[in-house]
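Student: For reference, the structure I am asking about is given below.
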Amino acid sequence: MLRWLINKFFPRTQWLFVAIVVSGIFGGFGLYAIYLSRAWSYASDNPEACINCHVMSTEYLTWLHSSHARQVCNDCHVPHQNVFKKYFFKAKDGMRHATIFTLRTEPQAIIMKPEGQRAVMDNCLRCHAPMFAYIESSVGKNHHFTERNCWNCHRDTPHGRVKSLASTDKVMVPLPGTAVPEWLKKLLQE
């Protein structure tokens with residue numbers, strides 16, 4: 001059985017060199033694509049990872065000047081129940097975003113999917129829990145917090161009224177650094 005699997009999935013001796021070269025080419029292009037896209041930055045909580053994709057520039061700028069600027073994007077947009085759920089959500093959402101951006105199918109108006117809306121709402125309730133508890137103790141139990149999304153009333157928090165790619169005039173955000181490695185820059189200068 002094992003010998004059959006080896007013979008089935010590994011090339012014969014005359015094709016072994018070609019298979020290694022082709023695998024090396026595809027592996028090299030894959031690693032280069034990961035390097036160019038700064039894929040490792042998405043595992044962090046750095047808000048500048050969100051602007052690797054230029055489509056998020058207006059969201060970044062409006063967040064930067066908002067009352068939530070001390071929070072990072074993941075504080076609001078990623079579930080916090082446990083580390084596995086957090087990174088699974090980031091990976092799934094990130095792959096969707098990367099696919100949309102790579103295929104150039106980004107919409108003019110960026111709208112959160114229902115799963116993202118649930119994460120944001122849960123995080124509003126989590127961060128502002130002391131305030132909700134105080135209000136409930138003062139006024140009594142109020143289902144207002146669970147019947148509607150927070151942003152139905154608080155539309156300007158934290159992104160203002162961003163509705164499209166052109167909604168913020170002359171957006172100035174930090175540009176990602178160059179993808180050209182230092183050794184190649186030195187070689188080109190010589």
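Chain labels run A, B, ... following the order of the structure tokens; each chain numbers its residues from 1, and ligands are numbered from 1 in the order shown.
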If you count only C-alpha atoms, which residues fall within 7 Å of Pro79 in chain A, apart from same-chain ones fewer than 3 positions away, as a ChimeraX atom specification?
Tutor: /A:85-86,119
Student: Pick out the residues sitting within 10 Å of range 126-128 of chain A, and hand them over as a list of chain:residue names; count only C-alpha atoms, and ignore anything fewer than 5 positions along from it in its own chain.
Tutor: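 Everything that qualifies: A:Asp75, A:Cys76, A:His80, A:Val120, A:Met121, A:Ala133.
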Student: As number ranges by chain, which residues of range 37-103 of chain A does DSSP assign to helix (DSSP H, G or I)?
Tutor: A: 39-43, 47-52, 54-64, 73-77, 83-102
Student: How would the residues just picked look written out with C-alpha atoms as a JSON list (two decimals), in the first residue's frame?
Tutor:
```
[["chain", "number", "residue", "atom", "x", "y", "z"],
["A", 39, "ALA", "CA", 1.12, 38.83, 4.66],
["A", 40, "TRP", "CA", 2.82, 38.58, 8.07],
["A", 41, "SER", "CA", 1.50, 42.05, 9.00],
["A", 42, "TYR", "CA", -2.06, 40.75, 9.06],
["A", 43, "ALA", "CA", -1.29, 38.52, 12.04],
["A", 47, "PRO", "CA", -3.75, 49.36, 12.22],
["A", 48, "GLU", "CA", -1.38, 50.16, 9.37],
["A", 49, "ALA", "CA", -1.81, 46.56, 8.17],
["A", 50, "CYS", "CA", -5.35, 47.58, 7.19],
["A", 51, "ILE", "CA", -4.02, 50.14, 4.72],
["A", 52, "ASN", "CA", -1.78, 47.67, 2.89],
["A", 54, "HIS", "CA", -5.49, 51.27, -0.46],
["A", 55, "VAL", "CA", -9.27, 50.79, -0.33],
["A", 56, "MET", "CA", -9.22, 51.19, 3.46],
["A", 57, "SER", "CA", -7.49, 54.59, 3.43],
["A", 58, "THR", "CA", -10.62, 56.61, 4.23],
["A", 59, "GLU", "CA", -11.54, 54.24, 7.07],
["A", 60, "TYR", "CA", -8.02, 54.54, 8.47],
["A", 61, "LEU", "CA", -8.02, 58.33, 8.30],
["A", 62, "THR", "CA", -11.46, 58.77, 9.87],
["A", 63, "TRP", "CA", -10.58, 56.28, 12.63],
["A", 64, "LEU", "CA", -7.29, 58.10, 13.30],
["A", 73, "CYS", "CA", -8.91, 47.98, 14.39],
["A", 74, "ASN", "CA", -8.96, 44.48, 15.87],
["A", 75, "ASP", "CA", -10.36, 45.76, 19.17],
["A", 76, "CYS", "CA", -13.64, 46.46, 17.35],
["A", 77, "HIS", "CA", -13.66, 44.30, 14.22],
["A", 83, "VAL", "CA", -7.51, 33.30, 20.55],
["A", 84, "PHE", "CA", -8.61, 30.56, 18.14],
["A", 85, "LYS", "CA", -11.83, 32.34, 17.19],
["A", 86, "LYS", "CA", -9.92, 35.61, 16.79],
["A", 87, "TYR", "CA", -7.31, 34.24, 14.39],
["A", 88, "PHE", "CA", -9.81, 32.06, 12.51],
["A", 89, "PHE", "CA", -11.97, 35.16, 11.92],
["A", 90, "LYS", "CA", -8.92, 37.21, 10.88],
["A", 91, "ALA", "CA", -7.76, 34.49, 8.46],
["A", 92, "LYS", "CA", -11.18, 33.98, 6.91],
["A", 93, "ASP", "CA", -11.94, 37.70, 6.61],
["A", 94, "GLY", "CA", -8.41, 38.45, 5.42],
["A", 95, "MET", "CA", -8.57, 35.85, 2.66],
["A", 96, "ARG", "CA", -11.89, 37.30, 1.51],
["A", 97, "HIS", "CA", -10.41, 40.82, 1.49],
["A", 98, "ALA", "CA", -7.26, 39.66, -0.30],
["A", 99, "THR", "CA", -9.32, 37.89, -2.95],
["A", 100, "ILE", "CA", -11.52, 40.93, -3.51],
["A", 101, "PHE", "CA", -8.52, 43.24, -3.75],
["A", 102, "THR", "CA", -6.50, 40.91, -5.99]]
```
Student: To one decimal place, how far is CA of Ser66 in chain A from CA of His154 in chain A in Å?
Tutor: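 Taking CA of Ser66 in chain A and CA of His154 in chain A, their separation equals 12.3 Å.
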Student: At what distance in Å, to one decimal, does CA of Cys150 in chain A lie from CA of Cys124 in chain A?
Tutor: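 Going from CA of Cys124 in chain A over to CA of Cys150 in chain A, I get 7.3 Å.
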Student: Which residues come within 12 Å of Ser67 in chain A, counting only C-alpha atoms, excluding same-chain residues fewer than 4 positions away, as a PyMOL selection string?
Tutor: chain A and resi 62-63+71-72+154+156-160
